[in-house]
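Data file: query.csv. Format and content: CSV, C-alpha atoms.
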```csv
chain,number,residue,atom,x,y,z
A,1,MET,CA,-16.0,5.7,-9.8
A,2,ALA,CA,-15.3,2.3,-8.5
A,3,ASP,CA,-15.8,0.2,-5.4
A,4,PHE,CA,-14.1,-2.9,-4.4
A,5,ASN,CA,-15.4,-5.6,-2.1
A,6,GLY,CA,-14.2,-9.0,-1.2
A,7,TYR,CA,-10.7,-8.3,0.0
A,8,ARG,CA,-11.5,-7.8,3.7
A,9,LEU,CA,-8.8,-8.4,6.3
A,10,LYS,CA,-10.6,-9.6,9.3
A,11,GLY,CA,-8.5,-9.3,12.4
A,12,TYR,CA,-8.5,-10.4,16.0
A,13,PRO,CA,-11.3,-13.0,16.2
A,14,ASP,CA,-13.6,-12.2,19.1
A,15,ASN,CA,-16.2,-14.6,20.2
A,16,GLY,CA,-16.7,-15.9,16.6
A,17,GLY,CA,-16.8,-12.5,15.1
A,18,HIS,CA,-14.4,-9.8,14.2
A,19,ASN,CA,-13.7,-6.6,16.2
A,20,VAL,CA,-11.3,-5.2,13.6
A,21,ILE,CA,-12.0,-5.4,9.9
A,22,ARG,CA,-9.4,-3.7,7.8
A,23,THR,CA,-10.1,-2.9,4.2
A,24,LEU,CA,-13.8,-3.3,4.9
A,25,HIS,CA,-14.3,-1.4,1.7
A,26,LYS,CA,-12.2,0.3,-0.9
A,27,ALA,CA,-13.5,3.3,-2.7
A,28,PHE,CA,-12.2,5.3,-5.6
A,29,THR,CA,-13.5,8.0,-7.9
A,30,SER,CA,-11.9,10.3,-10.5
A,31,ASP,CA,-15.0,12.5,-10.8
A,32,SER,CA,-14.0,16.0,-9.7
A,33,SER,CA,-17.7,17.0,-9.3
A,34,VAL,CA,-18.2,14.5,-6.4
A,35,THR,CA,-18.3,16.3,-3.1
A,36,TYR,CA,-20.4,13.9,-1.0
A,37,ILE,CA,-19.8,10.2,-0.7
A,38,HIS,CA,-22.3,8.0,1.1
A,39,PHE,CA,-21.9,4.5,2.4
A,40,LYS,CA,-24.7,2.3,3.7
A,41,THR,CA,-23.8,-0.3,6.3
A,42,ASN,CA,-25.5,-3.5,7.3
A,43,VAL,CA,-26.0,-2.1,10.9
A,44,PRO,CA,-29.7,-1.9,11.6
A,45,ILE,CA,-31.1,0.9,13.7
A,46,ALA,CA,-33.0,-1.9,15.6
A,47,SER,CA,-29.8,-3.1,17.3
A,48,TYR,CA,-27.4,-2.1,20.1
A,49,ILE,CA,-24.1,-1.9,18.2
A,50,MET,CA,-21.2,0.4,18.8
A,51,THR,CA,-19.0,0.9,15.7
A,52,MET,CA,-16.2,3.1,14.5
A,53,ILE,CA,-15.5,3.3,10.8
A,54,GLU,CA,-12.4,5.2,9.5
A,55,ALA,CA,-11.4,6.2,6.0
A,56,VAL,CA,-7.7,6.3,5.1
A,57,GLY,CA,-6.4,7.4,1.8
A,58,TYR,CA,-5.4,10.1,-0.6
A,59,ASN,CA,-7.5,12.8,-2.3
A,60,TYR,CA,-5.2,13.8,-5.2
A,61,GLY,CA,-7.5,16.6,-6.4
A,62,MET,CA,-7.4,18.2,-3.0
A,63,GLN,CA,-3.7,17.4,-2.6
A,64,ALA,CA,-4.2,16.0,0.9
A,65,PRO,CA,-4.2,12.7,2.8
A,66,ILE,CA,-7.4,11.3,4.3
A,67,ARG,CA,-7.9,10.0,7.8
A,68,CYS,CA,-11.4,10.6,9.2
A,69,ALA,CA,-13.8,8.5,11.3
A,70,TRP,CA,-17.4,8.1,12.2
A,71,GLY,CA,-18.3,6.6,15.6
A,72,PHE,CA,-21.9,5.6,16.2
A,73,TYR,CA,-24.2,3.6,18.5
A,74,THR,CA,-27.5,2.2,17.5
A,75,TYR,CA,-30.0,2.1,20.4
A,76,GLY,CA,-33.0,0.1,19.3
A,77,THR,CA,-34.9,2.8,17.5
A,78,TYR,CA,-32.4,5.5,16.8
A,79,ILE,CA,-28.7,6.5,16.6
A,80,VAL,CA,-27.6,8.0,19.9
A,81,THR,CA,-26.5,11.6,20.1
A,82,GLN,CA,-23.1,10.6,21.4
A,83,SER,CA,-22.2,9.4,17.9
A,84,VAL,CA,-19.1,11.4,16.8
A,85,ARG,CA,-17.2,12.4,13.7
A,86,THR,CA,-13.5,13.2,13.6
A,87,SER,CA,-11.4,14.4,10.7
A,88,ALA,CA,-7.6,14.3,11.2
A,89,TYR,CA,-6.2,15.0,7.6
A,90,GLY,CA,-7.8,17.4,5.2
A,91,GLY,CA,-8.6,15.2,2.2
A,92,MET,CA,-12.1,14.3,3.4
A,93,THR,CA,-14.4,15.2,6.3
A,94,ALA,CA,-16.5,12.8,8.2
A,95,HIS,CA,-19.6,14.8,7.4
A,96,GLY,CA,-22.6,12.9,8.7
A,97,ILE,CA,-24.3,9.8,10.1
A,98,TYR,CA,-27.9,9.0,9.4
A,99,ALA,CA,-30.5,6.3,9.1
A,100,SER,CA,-31.5,5.0,5.6
A,101,SER,CA,-35.2,4.9,4.7
A,102,ASP,CA,-35.1,1.1,5.5
A,103,ASN,CA,-33.4,1.8,8.8
A,104,TYR,CA,-29.8,1.0,8.4
A,105,VAL,CA,-26.9,3.2,9.5
A,106,CYS,CA,-25.3,5.3,6.7
A,107,ILE,CA,-22.2,7.5,6.8
A,108,ARG,CA,-21.5,10.5,4.6
A,109,GLY,CA,-18.1,12.0,3.7
A,110,TYR,CA,-17.5,15.5,2.3
A,111,THR,CA,-14.7,16.6,0.0
A,112,SER,CA,-14.7,20.4,-0.2
A,113,GLY,CA,-12.5,20.4,-3.2
A,114,GLY,CA,-14.1,17.6,-5.1
A,115,SER,CA,-12.9,14.0,-5.6
A,116,TYR,CA,-10.6,14.1,-8.6
A,117,PHE,CA,-8.7,10.8,-8.2
A,118,ASN,CA,-9.9,10.3,-4.6
A,119,GLY,CA,-9.2,6.8,-3.2
A,120,PHE,CA,-9.4,5.4,0.2
A,121,VAL,CA,-10.1,2.3,2.3
A,122,LEU,CA,-12.7,1.9,5.1
A,123,ASN,CA,-11.7,0.1,8.2
A,124,GLY,CA,-14.2,-1.1,10.8
A,125,TYR,CA,-13.8,-1.4,14.6
A,126,GLN,CA,-16.3,-3.2,16.7
A,127,THR,CA,-14.4,-2.5,19.9
A,128,ALA,CA,-16.5,-0.4,22.2
A,129,GLY,CA,-18.6,-3.0,23.9
A,130,ASN,CA,-22.1,-3.6,22.5
A,131,GLY,CA,-21.9,-5.3,19.1
A,132,ARG,CA,-18.5,-6.7,19.5
A,133,GLY,CA,-17.9,-9.1,16.7
A,134,TYR,CA,-20.7,-8.0,14.5
A,135,ASP,CA,-19.8,-8.7,10.8
A,136,LEU,CA,-19.8,-5.2,9.6
A,137,GLN,CA,-20.3,-4.7,5.9
A,138,ILE,CA,-20.8,-1.8,3.4
A,139,THR,CA,-23.9,-2.7,1.4
A,140,ALA,CA,-24.1,0.3,-1.0
A,141,SER,CA,-22.3,3.5,-1.9
A,142,SER,CA,-23.3,6.7,-3.6
A,143,TYR,CA,-21.1,9.4,-5.1
A,144,GLY,CA,-22.5,12.8,-5.9
A,145,THR,CA,-23.4,16.2,-4.5
A,146,ASN,CA,-26.2,15.2,-2.1
A,147,SER,CA,-25.4,16.7,1.3
A,148,GLY,CA,-28.5,15.0,2.9
A,149,ASN,CA,-29.5,11.4,2.9
A,150,ALA,CA,-28.8,9.3,-0.1
A,151,PHE,CA,-30.3,6.0,1.1
B,1,MET,CA,23.2,4.6,14.7
B,2,SER,CA,20.1,3.2,13.1
B,3,ILE,CA,18.7,-0.2,13.5
B,4,LEU,CA,16.5,-1.3,10.6
B,5,GLN,CA,14.3,-4.2,10.1
B,6,GLY,CA,11.5,-5.0,7.8
B,7,ILE,CA,8.5,-6.6,9.3
B,8,TYR,CA,5.9,-6.8,6.5
B,9,SER,CA,3.3,-7.8,9.0
B,10,TYR,CA,-0.2,-7.2,7.7
B,11,TYR,CA,-1.0,-6.9,4.1
B,12,ASP,CA,-4.2,-6.9,2.1
B,13,THR,CA,-3.0,-9.4,-0.5
B,14,GLY,CA,-6.1,-8.9,-2.6
B,15,THR,CA,-5.7,-5.4,-3.7
B,16,TRP,CA,-2.6,-4.3,-1.6
B,17,ALA,CA,-4.6,-1.3,-0.7
B,18,SER,CA,-3.6,-1.5,3.0
B,19,GLN,CA,0.0,-2.6,3.7
B,20,LEU,CA,0.5,-2.3,7.5
B,21,GLY,CA,3.9,-2.6,9.1
B,22,VAL,CA,5.8,-2.3,5.8
B,23,TYR,CA,8.9,-1.2,7.7
B,24,SER,CA,10.1,-0.4,11.1
B,25,PHE,CA,12.8,2.0,12.1
B,26,TYR,CA,14.6,2.7,15.3
B,27,THR,CA,17.4,5.0,16.2
B,28,THR,CA,19.1,6.3,19.4
B,29,ASP,CA,20.9,9.1,17.5
B,30,GLY,CA,19.5,12.5,18.5
B,31,SER,CA,22.2,14.5,16.7
B,32,LEU,CA,20.9,14.1,13.1
B,33,TYR,CA,17.6,15.6,12.3
B,34,TYR,CA,16.7,14.1,8.9
B,35,LEU,CA,15.7,10.7,7.6
B,36,HIS,CA,15.8,9.9,3.9
B,37,LEU,CA,13.8,6.8,3.1
B,38,LYS,CA,14.3,5.3,-0.4
B,39,THR,CA,11.2,3.5,-1.6
B,40,ASN,CA,10.8,0.9,-4.3
B,41,VAL,CA,8.3,3.2,-6.2
B,42,PRO,CA,9.7,4.0,-9.6
B,43,VAL,CA,8.6,7.6,-10.5
B,44,SER,CA,8.2,6.4,-14.1
B,45,ARG,CA,5.2,4.3,-13.0
B,46,ASN,CA,1.6,5.6,-12.5
B,47,THR,CA,1.0,5.2,-8.8
B,48,MET,CA,-0.7,7.0,-5.9
B,49,TRP,CA,0.3,6.5,-2.3
B,50,LEU,CA,-0.5,7.5,1.3
B,51,VAL,CA,2.5,6.6,3.5
B,52,GLU,CA,1.9,6.9,7.2
B,53,PHE,CA,4.3,6.8,10.1
B,54,ALA,CA,3.2,5.7,13.6
B,55,GLY,CA,5.4,5.5,16.7
B,56,TYR,CA,7.1,7.1,19.6
B,57,ALA,CA,9.7,9.9,19.8
B,58,TYR,CA,11.1,9.5,23.2
B,59,GLY,CA,13.7,12.3,22.8
B,60,ALA,CA,11.0,14.7,21.6
B,61,ALA,CA,8.5,13.3,24.2
B,62,GLN,CA,5.9,13.1,21.5
B,63,ASN,CA,3.8,10.5,19.7
B,64,ILE,CA,4.2,9.9,16.0
B,65,ARG,CA,1.4,9.7,13.5
B,66,ALA,CA,1.8,11.6,10.2
B,67,GLY,CA,1.1,11.0,6.6
B,68,ILE,CA,2.5,12.0,3.2
B,69,VAL,CA,0.8,11.5,-0.1
B,70,PHE,CA,2.2,11.6,-3.6
B,71,HIS,CA,1.5,10.6,-7.2
B,72,THR,CA,4.1,9.4,-9.6
B,73,SER,CA,3.7,9.4,-13.3
B,74,GLY,CA,6.0,9.9,-16.3
B,75,SER,CA,9.0,10.3,-14.1
B,76,VAL,CA,7.4,13.3,-12.2
B,77,ILE,CA,6.2,13.3,-8.6
B,78,TYR,CA,2.9,15.3,-8.4
B,79,ARG,CA,0.9,16.8,-5.6
B,80,ILE,CA,3.0,16.0,-2.6
B,81,ALA,CA,1.3,16.9,0.7
B,82,ALA,CA,2.0,16.0,4.3
B,83,GLN,CA,0.0,16.3,7.5
B,84,ASN,CA,0.5,15.5,11.2
B,85,ILE,CA,-1.9,14.1,13.7
B,86,TYR,CA,0.8,13.7,16.3
B,87,PRO,CA,4.0,15.8,16.1
B,88,GLY,CA,6.8,13.4,16.9
B,89,LEU,CA,7.9,13.2,13.2
B,90,THR,CA,7.1,15.5,10.3
B,91,PRO,CA,7.2,14.2,6.7
B,92,GLN,CA,8.6,17.0,4.5
B,93,THR,CA,8.8,16.0,0.8
B,94,VAL,CA,9.3,13.3,-1.8
B,95,TYR,CA,12.1,13.5,-4.3
B,96,THR,CA,13.6,11.3,-7.0
B,97,SER,CA,16.7,9.3,-6.4
B,98,SER,CA,19.5,9.3,-8.9
B,99,ASP,CA,18.3,5.9,-10.2
B,100,GLY,CA,14.7,7.0,-10.5
B,101,TYR,CA,12.9,5.9,-7.3
B,102,ALA,CA,10.8,8.0,-4.9
B,103,VAL,CA,12.6,9.0,-1.7
B,104,ILE,CA,10.7,10.4,1.3
B,105,ARG,CA,12.4,12.9,3.6
B,106,VAL,CA,11.2,13.3,7.2
B,107,THR,CA,12.4,15.3,10.1
B,108,SER,CA,12.1,15.5,13.9
B,109,GLY,CA,13.2,17.8,16.6
B,110,SER,CA,15.0,14.9,18.1
B,111,PHE,CA,15.3,11.3,16.9
B,112,TYR,CA,16.9,10.3,20.3
B,113,TYR,CA,15.3,6.9,20.9
B,114,SER,CA,12.7,7.3,18.2
B,115,GLY,CA,10.9,4.4,16.6
B,116,PHE,CA,8.1,4.0,14.1
B,117,VAL,CA,6.4,1.7,11.7
B,118,ILE,CA,5.3,2.6,8.2
B,119,ASN,CA,1.9,1.8,6.8
B,120,ALA,CA,1.3,2.3,3.1
B,121,TYR,CA,-1.9,2.6,1.2
B,122,SER,CA,-2.2,2.3,-2.6
B,123,THR,CA,-5.1,4.5,-3.3
B,124,ALA,CA,-5.7,4.2,-7.0
B,125,PRO,CA,-7.3,1.1,-8.6
B,126,TYR,CA,-4.8,1.0,-11.5
B,127,THR,CA,-1.9,0.0,-9.3
B,128,PRO,CA,-2.9,-3.5,-8.2
B,129,ASN,CA,-0.3,-5.8,-6.6
B,130,GLU,CA,1.9,-2.8,-6.0
B,131,LYS,CA,4.0,-3.8,-3.0
B,132,PHE,CA,5.5,-0.9,-1.1
B,133,ARG,CA,8.9,-1.4,0.3
B,134,ILE,CA,11.6,0.7,1.9
B,135,LEU,CA,14.9,-0.1,0.1
B,136,ALA,CA,17.3,2.0,2.2
B,137,VAL,CA,17.3,4.6,5.0
B,138,SER,CA,19.8,7.2,5.9
B,139,GLN,CA,19.8,9.4,9.0
B,140,ASN,CA,21.8,12.5,8.3
B,141,SER,CA,21.9,16.3,8.3
B,142,ASN,CA,20.8,16.8,4.7
B,143,SER,CA,17.7,19.0,4.6
B,144,GLY,CA,17.6,18.8,0.8
B,145,THR,CA,17.7,16.1,-1.8
B,146,GLY,CA,20.4,13.9,-3.2
B,147,THR,CA,21.0,11.5,-0.4
B,148,TYR,CA,20.0,8.8,-2.8
```
Represent the structure contained in this file as structure tokens.
Amino acid sequence: MADFNGYRLKGYPDNGGHNVIRTLHKAFTSDSSVTYIHFKTNVPIASYIMTMIEAVGYNYGMQAPIRCAWGFYTYGTYIVTQSVRTSAYGGMTAHGIYASSDNYVCIRGYTSGGSYFNGFVLNGYQTAGNGRGYDLQITASSYGTNSGNAF
Amino acid sequence: MSILQGIYSYYDTGTWASQLGVYSFYTTDGSLYYLHLKTNVPVSRNTMWLVEFAGYAYGAAQNIRAGIVFHTSGSVIYRIAAQNIYPGLTPQTVYTSSDGYAVIRVTSGSFYYSGFVINAYSTAPYTPNEKFRILAVSQNSNSGTGTY
């Protein structure tokens, strides 16, 4: 597996921040046994931040493109129930959103057919109101078979 | 008649993982239902791509967002797959041109006043600095291969 940071395209400056961050993170694994991929963000639960993160790429093993998204809103002490997951192409499903043990937002993707040569980028959108311009980052990732919480 | 222009608007110049606005295409011709887009991807190279189309098909009264993925290696194109989010354009396949480059074929119920941009994503880490380009486009009635 491999992760690539440091090549972020930060678009559309907004009040000193960024409300569109393309190539927030690049992920790749050739491990066919990987069915769940977790990403930990730097968005604390103790905040009021609306965010959409989308994955775009190609799961070669599943022979399908990837475009799926997680939308979430932190509300001081929890992630609100209006948080949503949408999966447009079949290569990966936006499977879950949860709080890490140290109270940061995490997202979980699911590849039903494994992740044999599965590569994608994550884009971030701070566009919904609260949290506009927050400097979204991916701080950790986990590749495996854990369908629950990895962080 | 097709009007073509390259715009190359928004690239990730670190890894070239996201290449947005690689190409734009516009046509008013609703009588020909296939587009063949010749890329600069040599099928002899080891590459993996997601190529997305986003735009507006006025004649078909539909939005366009669809993607096609493929892997080239050893002069073979592997695991081609296409999916639509919006139905205004449908990617169909990828084939090899006579001079060894990947060619994408797409179709639409009507290209009458249709326009789209192409975004390309290099999804494997072993193809850094791989700049995706469209070398030529032909709108015609060829539902097979061999346009290029």
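From CA of Ser114 in chain B back to CA of Tyr33 in chain B, the distance works out to 11.3 Å.
Residues from chain B that have an atom within 8 Å of chain A, counting only C-alpha atoms, are Asp12, Thr13, Gly14, Thr15, Ala17, Ser18, Met48, Trp49, Leu50, Gly67, Ile68, Val69, Phe70, His71, Arg79, Ile80, Ala81, Ala82, Gln83, Asn84, Ile85, Tyr121, Ser122, Thr123, Ala124 and Pro125 of chain B.
Interatomic distance, CA of Ser33 in chain A against CA of Trp70 in chain A: 23.3 Å.
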Of the listed residues B:Ser110, B:Ser24, B:Val94, B:Thr145, that which approaches Gly55 in chain B most closely, counting only C-alpha atoms: B:Ser24
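For the atom pair formed by CA of Thr147 in chain B and CA of Ser97 in chain B, the distance is 7.7 Å, given to one decimal.
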Please identify all polymer residues lying at most 7 Å from the point (16.4, 8.9, 7.3) (file coordinates), using only C-alpha atoms, and present the result as a VMD selection string. chain B and resid 34 to 37 105 to 106 137 to 140
Could you give me, as JSON, numbers by chain, the residues within 9 Å of Gly109 in chain B, counting only C-alpha atoms and dropping anything in the same chain fewer than 6 positions from it? {"B": [30, 33, 59, 60, 88, 89]}
Calculated over only C-alpha atoms, which of the candidates B:Val76, B:Val43, B:Leu20, B:Ala66 has the smallest distance to Asn119 in chain B? B:Leu20
I'd like the contact shell of Ala69 in chain A - 9 Å cut-off, all atoms listed in the file, skipping same-chain residues fewer than 6 positions apart - returned as an MDAnalysis selection string. chainID A and resid 52:56 84:88 93:94
Would you pick out the contacts of Gly76 in chain A at 12 Å or less, using all atoms listed in the file, so that residues sharing its chain but fewer than 6 positions from it are not included, and give the list as a VMD selection string? chain A and resid 43 to 50 103 to 105 130
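Considering all atoms listed in the file, the residue among B:Gln92, B:Ala120, B:Ala136, B:Asn142 positioned nearest to Val22 in chain B is B:Ala120.
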From the list B:Tyr86, B:Glu130, B:Thr93, B:Gly144, the nearest residue to Val41 in chain B using all atoms listed in the file is B:Glu130
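Checking B:Tyr95, B:Phe132, B:Tyr78, B:Tyr58 one by one against Gly21 in chain B, counting all atoms listed in the file, you find the shortest gap at B:Phe132.
Here the question is which of A:Thr77, A:Thr41, A:Ser147, A:Ser83 gets nearest to Ser100 in chain A using only C-alpha atoms, and that residue is A:Thr41.
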Can you tell me, as a ChimeraX atom specification, what residues are no more than 10 Å from Thr51 in chain A when counting only C-alpha atoms, ignoring any on the same chain fewer than 3 positions away? /A:19,43,48,70-74,83,124-132,134,136
Select, counting only C-alpha atoms, all protein, DNA and RNA residues no farther than 9 Å from (5.0, 6.5, -10.8) in file coordinates, and express the selection as a ChimeraX atom specification. /B:41-48,71-77,101-102
